[in-house]
Amino acid sequence: MDNILIIAVSTLAGLGLIAAIVLYFVASKFKVYEDPKIDEVEEALPSANCGGCGFPGCRAFAEATVKSAKENKTIDGLFCPVGGNEVMQTVGSIVGLQVEAQAPLIAVVRCNGTSAHTPAKVKFEGVSSCAFAHTLYVGEGGCMYGCLGEGDCVAACDFDAIHMDPETGLPVVNDKCTACGACVDACPRSIIELRKKGPKDRRIFVSCVNQEKGAPAKKNCEVACIGCAKCVKACKFDAITLNNFLAYIDFEKCTLCRKCVEECPTDAIWEVNFKPRKPKIVAVDMASEPVIATAEKPANSSEDNQENTNNKTSE
Amino acid sequence: MGILKTFVLGGVHPPENKLSANVPIQELPVPAEVVVPFGQNLGAPSKPLVQRGDKVKVGQLIGEASSFISSNVHAPVSGTITKIDNILDSTGYRRPAAFIKVEENEWEEGIDLSNELITKEDYEPQEIIDKVKKAGIVGMGGATFPTHVKLMVPPGKTAEFLIINGVECEPYLTSDHRLMLEKGEEIMVGIRLLMKALKVNKALIGIENNKPDAIQHMTELAKKYEGISVHALKVKYPQGGEKQLIKALTNREVPSGKLPVEVGCVVQNVGTIFSVYEAVQKNKPVVERIVTVTGKGVQKPSNFKVRIGTSINQLIEAAGGIPENTGKIIGGGPMMGKALLNTDVPVVKGSSGILIMKSEESSRKVESPCIRCSKCTNVCPMGLEPYLLSRLAKVKEFDKAEKEKVMDCIECGSCQYTCPANIPLLDYLRLGKNKVGENIRNRNKN
């Protein structure tokens with residue numbers, strides 16, 4: 001009886017030993033060297049696996065970063081929008097490189113075709129998918145460029161940062177937005193754009209993507225950009241361009257002087273998170289930050305300051 | 001009567017509602033203004049040849065085919081081009097079109113306007129194809145695929161059968177039915193011409209059994225013409241689909257992703273055949289077509305012969321106006337047609353009918369979860385699994401949808417029609433087809 005036990009145990013132990021020796025040689029023969037920095041970088045990343053950096057997941061981004069740092073001695077062009085500058089500084093210190101800070105971006109919905117501005121002319125009964133509705137017809141309001149309101153952007157967001165406003169029928173971005181760009185890709189009409197968040201979250205943008213001539217654009221939507229070019233003339237910094245009857249404000253050049261907002265005859269240009277207008281605006285320094293020198297707090301700060309692009313202050 | 005032929009896989013039988021089947025074709029007066037879109041065919045839109053202020057005659061070429069799959073557009077009226085501008089089409093998107101103010105009734109030279117039947121057949125095959133191409137003929141059943149492209153059999157393939165689609169399987173629509181009854185002789189000559197162009201000696205006409213008068217009439221006429229036979233088919237939707245009709249008439253199956261010519265068949269609609277007759281024998285391009293205006297609330301369901309570019313409003317007026325309690329106005333039949341965004345859109349080459357539906361019949365019912373009853377799979381005429389494909393499209397698994405052959409879907413809507421849970425299967429299938437098609441195109445580009 002004892003004998004059987006001994007045989008069984010020693011056989012198993014012998015098998016284990018042989019397997020261990022084989023595995024040892026196999027492991028050392030086929031060893032894949034992996035830079036431990038990859039793990040470190042991955043650890044530093046937010047693990048959202050959103051794809052906002054252009055790589056399939058955080059691991060792939062970490063691999064690319066370490067590879068680029070090793071081979072090209074730079075990690076320019078690699079940026080984790082979710083982690084932002086803070087995470088990129090950590091990543092930079094891991095790979096031993098300086099990382100330039102980037103201005104934070106945010107998703108901006110460039111359509112103001114609310115149910116009040118573009119009354120529904122027909123009723124859509126199909127599936128709730130912008131991609132489908134876009135191929136089927138122009139949309140309930142009749143604008144072939146405007147928001148369809150079926151919420152593909154909301155479904156695409158991993159960060160709970162974009163929601164439909166049931167009253168206006170338009171998506172609203174909140175401050176959870178990490179500028180990963182998922183909604184930008186999801187929108188079949190390219191309405192959503194990543195723009196500079198701006199100092200104190202202040203932004204100016206054209207809230208319309210309609211490329212029709214003035215009359216047909218205005219017929220469907222009273223707040224459409226009609227391509228009148230008044231804003232282009234008003235801008236002293238060449239920040240506004242007009243293409244296909246549509247004004248576009250380059251956020252790199254824009255100094256947030258707000259001149260264009262006053263000029264726009266259809267209120268298509270939006271200013272977000274600015275304080276209410278004073279009769280006089282203090283001089284603007286082109287090079288650096290901003291803008292309105294004042295000790296007062298902006299009007300819609302604190303609780304109101306919800307990144308809500310619908311908080312048009314002048315309204 | 002024996003067992004009637006039909007296709008094997010799937011199919012549904014919606015109520016036929018052929019309200020206008022006994023109403024003779026009525027020619028509507030030429031309107032004061034027509035709007036002629038430049039893109040009336042599947043494929044590339046035509047290139048405008050006229051400018052504002054130009055005088056045009058009926059049948060004059062105003063838009064030239066711009067690529068291989070494209071077709072000519074002719075002036076359907078005589079008058080002055082008042083402007084070339086974008087119009088809202090039936091989906092609300094803007095498309096370029098010519099606005100023509102009607103003046104007099106002057107036809108281009110060489111067009112024979114008599115009703116006399118011409119049975120001359122001594123044309124070269126290429127001559128017939130050229131005439132078809134010149135006349136801007138597209139699939140008049142609604143698909144609007146340029147006909148001359150279909151007639152050019154690719155090298156290495158041979159056509160064996162010319163198949164004539166007189167099925168008109170869509171409920172309500174009767175334009176093809178009336179055309180067969182009233183212009184049967186012309187259709188026969190048209191078939192003979194296409195048989196010559198395709199170098200085939202057999203033509204099969206498929207007509208569903210709910211049109212006994214048309215079957216009888218066409219059978220009588222076919223006796224006079226060599227190689228043409230008429231086949232009564234069991235009533236089943238979507239028998240008018242190219243692949244279904246081939247299966248029903250020849251028992252051949254077109255392989256997935258291939259064209260009918262792969263199995264030696266070329267399918268043409270009777271409306272197209274009539275246009276071919278007019279183009280070849282009378283030199284008359286496509287300037288008019290038969291449109292059914294129908295619906296349960298419509299005062300006078302009718303079949304109108306109208307000029308291309310006539311506003312749909314005018315047709316509805318002629319049929320007694322829009323009834324109260326109208327829920328939807330559909331361009332085409334109830335199964336495959338699309339709801340119109342507005343009625344101020346012109347009749348185009350592919351407009352087979354206008355269906356005015358009451359609000360209670362047109363509204364969608366509340367969707368409930370799939371109960372895996374497999375009805376959609378049973379009725380799919382292409383042997384697909386609509387419940388799976390719609391699910392894949394919903395969760396954006398387009399690669400898997402492609403493997404499951406979503407591109408084979410003919411968008412007949414049988415699955416959605418039959419679904420007891422009212423799931424909008426076809427919407428998701430269309431979404432899947434759009435995305436997969438896009439992916440395939442991108443892949444081919446790279």
# chains A, B, ... in the order shown; residues from 1 in each chain; ligands from 1
>>> interface_residues(of="chain B", to="chain A", cutoff="6 Å", atoms="only C-alpha atoms", output="list in words")
Thr91, Gly92, Tyr93 and Leu431 of chain B
>>> residues_around(residues="A:Arg110", least_positions_apart="3", cutoff="8 Å", atoms="only C-alpha atoms", output="MDAnalysis selection string")
chainID A and resid 191:193 205:209
>>> closest_residue(among="B:Gly297, B:Gly184, B:Gly206, B:Gly136", to="B:His231", atoms="only C-alpha atoms")
B:Gly206
>>> residues_around(residues="B:Gln51", least_positions_apart="2", cutoff="10 Å", atoms="only C-alpha atoms", output="number ranges by chain")
B: 48-49, 53-55, 62, 80-84, 98
>>> residues_around(residues="stretch 54-62 of chain A", least_positions_apart="3", cutoff="12 Å", atoms="only C-alpha atoms", output="ChimeraX atom specification")
/A:34-51,65-69,75,77-83,87-88,91-92,94-95,180-182,185
>>> residues_around(residues="stretch 225-229 of chain B", least_positions_apart="2", cutoff="6 Å", atoms="only C-alpha atoms", output="PyMOL selection string")
chain B and resi 201-204+222-223
>>> residues_around(residues="B:Ser302", least_positions_apart="3", cutoff="7 Å", atoms="only C-alpha atoms", output="CSV table (one decimal) with C-alpha atoms, in the first residue's frame")
chain,number,residue,atom,x,y,z
B,20,SER,CA,-57.0,50.9,-60.4
B,23,VAL,CA,-59.1,52.0,-65.1
B,292,THR,CA,-50.5,54.8,-60.9
B,293,VAL,CA,-52.1,57.1,-58.4
B,294,THR,CA,-54.0,55.0,-55.8
B,319,ALA,CA,-57.1,61.6,-58.9
>>> atom_distance(atom1="atom CA of B:Ala393", atom2="atom CA of B:Gly10")
22.0 Å
>>> select_by_dssp(residues="stretch 72-220 of chain A", states="strand (DSSP E or B)", output="PDB file with C-alpha atoms, in the first residue's frame")
ATOM      1  CA  LEU A 105      -9.985  70.281 -26.575  1.00  0.00           C
ATOM      2  CA  ILE A 106     -13.673  69.681 -26.233  1.00  0.00           C
ATOM      3  CA  ALA A 107     -16.398  68.404 -28.550  1.00  0.00           C
ATOM      4  CA  VAL A 108     -18.595  71.178 -29.889  1.00  0.00           C
ATOM      5  CA  VAL A 109     -21.972  70.598 -31.513  1.00  0.00           C
ATOM      6  CA  ILE A 162     -22.996  63.932 -24.406  1.00  0.00           C
ATOM      7  CA  HIS A 163     -26.756  63.736 -24.006  1.00  0.00           C
ATOM      8  CA  MET A 164     -29.815  64.672 -25.977  1.00  0.00           C
ATOM      9  CA  ASP A 165     -31.717  67.633 -24.717  1.00  0.00           C
ATOM     10  CA  LEU A 170     -29.984  68.500 -29.945  1.00  0.00           C
ATOM     11  CA  PRO A 171     -27.060  66.840 -28.188  1.00  0.00           C
ATOM     12  CA  VAL A 172     -25.380  68.734 -25.368  1.00  0.00           C
ATOM     13  CA  VAL A 173     -21.773  68.182 -24.324  1.00  0.00           C
ATOM     14  CA  ILE A 192     -19.416  67.772 -34.052  1.00  0.00           C
ATOM     15  CA  GLU A 193     -15.927  69.220 -34.020  1.00  0.00           C
ATOM     16  CA  LEU A 194     -13.112  69.114 -31.488  1.00  0.00           C
ATOM     17  CA  ARG A 195     -12.203  72.666 -30.634  1.00  0.00           C
ATOM     18  CA  LYS A 196      -9.911  74.297 -28.134  1.00  0.00           C
ATOM     19  CA  ARG A 203     -15.206  79.595 -26.850  1.00  0.00           C
ATOM     20  CA  ILE A 204     -16.530  81.250 -29.959  1.00  0.00           C
ATOM     21  CA  PHE A 205     -17.698  79.158 -32.872  1.00  0.00           C
ATOM     22  CA  VAL A 206     -20.126  79.126 -35.754  1.00  0.00           C
TER      23      VAL A 206
END
>>> atom_distance(atom1="atom CA of B:Ser70", atom2="atom CA of A:Pro188")
26.8 Å
>>> residues_around(residues="B:Lys120", least_positions_apart="5", cutoff="12 Å", atoms="only C-alpha atoms", output="ChimeraX atom specification")
/B:186,189-190,192-193,196,277,280-282
>>> write_last_selection(atoms="C-alpha atoms", output="PDB file, in the first residue's frame")
ATOM      1  CA  GLU B 186     -45.985  47.216 -79.011  1.00  0.00           C
ATOM      2  CA  VAL B 189     -42.384  44.104 -80.959  1.00  0.00           C
ATOM      3  CA  GLY B 190     -40.157  45.567 -78.246  1.00  0.00           C
ATOM      4  CA  ARG B 192     -38.495  40.924 -80.505  1.00  0.00           C
ATOM      5  CA  LEU B 193     -36.115  43.887 -80.815  1.00  0.00           C
ATOM      6  CA  LYS B 196     -32.297  40.554 -81.519  1.00  0.00           C
ATOM      7  CA  TYR B 277     -40.211  49.963 -78.820  1.00  0.00           C
ATOM      8  CA  VAL B 280     -36.261  52.086 -81.805  1.00  0.00           C
ATOM      9  CA  GLN B 281     -39.358  52.288 -84.004  1.00  0.00           C
ATOM     10  CA  LYS B 282     -40.465  55.839 -83.342  1.00  0.00           C
TER      11      LYS B 282
END
>>> decode(residues="stretch 250-304 of chain B", atoms="C-alpha atoms", output="PDB file, in the first residue's frame")
ATOM      1  CA  THR B 250     -36.160  29.030 -65.445  1.00  0.00           C
ATOM      2  CA  ASN B 251     -35.480  27.357 -62.081  1.00  0.00           C
ATOM      3  CA  ARG B 252     -31.950  28.798 -62.213  1.00  0.00           C
ATOM      4  CA  GLU B 253     -30.336  30.454 -59.252  1.00  0.00           C
ATOM      5  CA  VAL B 254     -28.183  33.537 -59.622  1.00  0.00           C
ATOM      6  CA  PRO B 255     -25.091  33.067 -57.427  1.00  0.00           C
ATOM      7  CA  SER B 256     -24.555  35.484 -54.568  1.00  0.00           C
ATOM      8  CA  GLY B 257     -23.080  38.782 -55.694  1.00  0.00           C
ATOM      9  CA  LYS B 258     -23.414  37.919 -59.386  1.00  0.00           C
ATOM     10  CA  LEU B 259     -25.567  39.335 -62.171  1.00  0.00           C
ATOM     11  CA  PRO B 260     -28.410  37.461 -63.901  1.00  0.00           C
ATOM     12  CA  VAL B 261     -26.345  37.104 -67.061  1.00  0.00           C
ATOM     13  CA  GLU B 262     -24.219  34.605 -65.097  1.00  0.00           C
ATOM     14  CA  VAL B 263     -27.069  32.120 -65.571  1.00  0.00           C
ATOM     15  CA  GLY B 264     -27.832  33.332 -69.088  1.00  0.00           C
ATOM     16  CA  CYS B 265     -30.736  35.616 -68.289  1.00  0.00           C
ATOM     17  CA  VAL B 266     -31.472  39.271 -68.876  1.00  0.00           C
ATOM     18  CA  VAL B 267     -34.546  40.665 -67.154  1.00  0.00           C
ATOM     19  CA  GLN B 268     -36.485  43.681 -68.389  1.00  0.00           C
ATOM     20  CA  ASN B 269     -39.682  45.267 -67.153  1.00  0.00           C
ATOM     21  CA  VAL B 270     -42.638  45.634 -69.540  1.00  0.00           C
ATOM     22  CA  GLY B 271     -42.499  49.409 -69.125  1.00  0.00           C
ATOM     23  CA  THR B 272     -38.882  49.351 -70.237  1.00  0.00           C
ATOM     24  CA  ILE B 273     -39.800  47.175 -73.203  1.00  0.00           C
ATOM     25  CA  PHE B 274     -42.436  49.660 -74.278  1.00  0.00           C
ATOM     26  CA  SER B 275     -39.857  52.447 -74.081  1.00  0.00           C
ATOM     27  CA  VAL B 276     -37.507  50.352 -76.185  1.00  0.00           C
ATOM     28  CA  TYR B 277     -40.211  49.963 -78.820  1.00  0.00           C
ATOM     29  CA  GLU B 278     -40.795  53.706 -78.892  1.00  0.00           C
ATOM     30  CA  ALA B 279     -37.091  54.482 -78.993  1.00  0.00           C
ATOM     31  CA  VAL B 280     -36.261  52.086 -81.805  1.00  0.00           C
ATOM     32  CA  GLN B 281     -39.358  52.288 -84.004  1.00  0.00           C
ATOM     33  CA  LYS B 282     -40.465  55.839 -83.342  1.00  0.00           C
ATOM     34  CA  ASN B 283     -37.187  57.506 -82.353  1.00  0.00           C
ATOM     35  CA  LYS B 284     -38.946  58.713 -79.242  1.00  0.00           C
ATOM     36  CA  PRO B 285     -36.840  59.110 -76.103  1.00  0.00           C
ATOM     37  CA  VAL B 286     -38.234  58.674 -72.590  1.00  0.00           C
ATOM     38  CA  VAL B 287     -40.363  61.776 -72.170  1.00  0.00           C
ATOM     39  CA  GLU B 288     -43.418  60.262 -70.548  1.00  0.00           C
ATOM     40  CA  ARG B 289     -44.391  57.294 -68.423  1.00  0.00           C
ATOM     41  CA  ILE B 290     -47.394  55.601 -66.813  1.00  0.00           C
ATOM     42  CA  VAL B 291     -47.926  56.388 -63.143  1.00  0.00           C
ATOM     43  CA  THR B 292     -50.537  54.784 -60.902  1.00  0.00           C
ATOM     44  CA  VAL B 293     -52.120  57.102 -58.353  1.00  0.00           C
ATOM     45  CA  THR B 294     -53.951  55.021 -55.823  1.00  0.00           C
ATOM     46  CA  GLY B 295     -54.877  54.456 -52.210  1.00  0.00           C
ATOM     47  CA  LYS B 296     -57.914  53.444 -50.231  1.00  0.00           C
ATOM     48  CA  GLY B 297     -59.049  57.010 -49.590  1.00  0.00           C
ATOM     49  CA  VAL B 298     -58.376  58.259 -53.115  1.00  0.00           C
ATOM     50  CA  GLN B 299     -61.529  59.297 -54.981  1.00  0.00           C
ATOM     51  CA  LYS B 300     -60.466  58.115 -58.416  1.00  0.00           C
ATOM     52  CA  PRO B 301     -57.579  55.645 -58.347  1.00  0.00           C
ATOM     53  CA  SER B 302     -56.113  56.064 -61.830  1.00  0.00           C
ATOM     54  CA  ASN B 303     -53.344  55.238 -64.225  1.00  0.00           C
ATOM     55  CA  PHE B 304     -51.976  58.387 -65.782  1.00  0.00           C
TER      56      PHE B 304
END
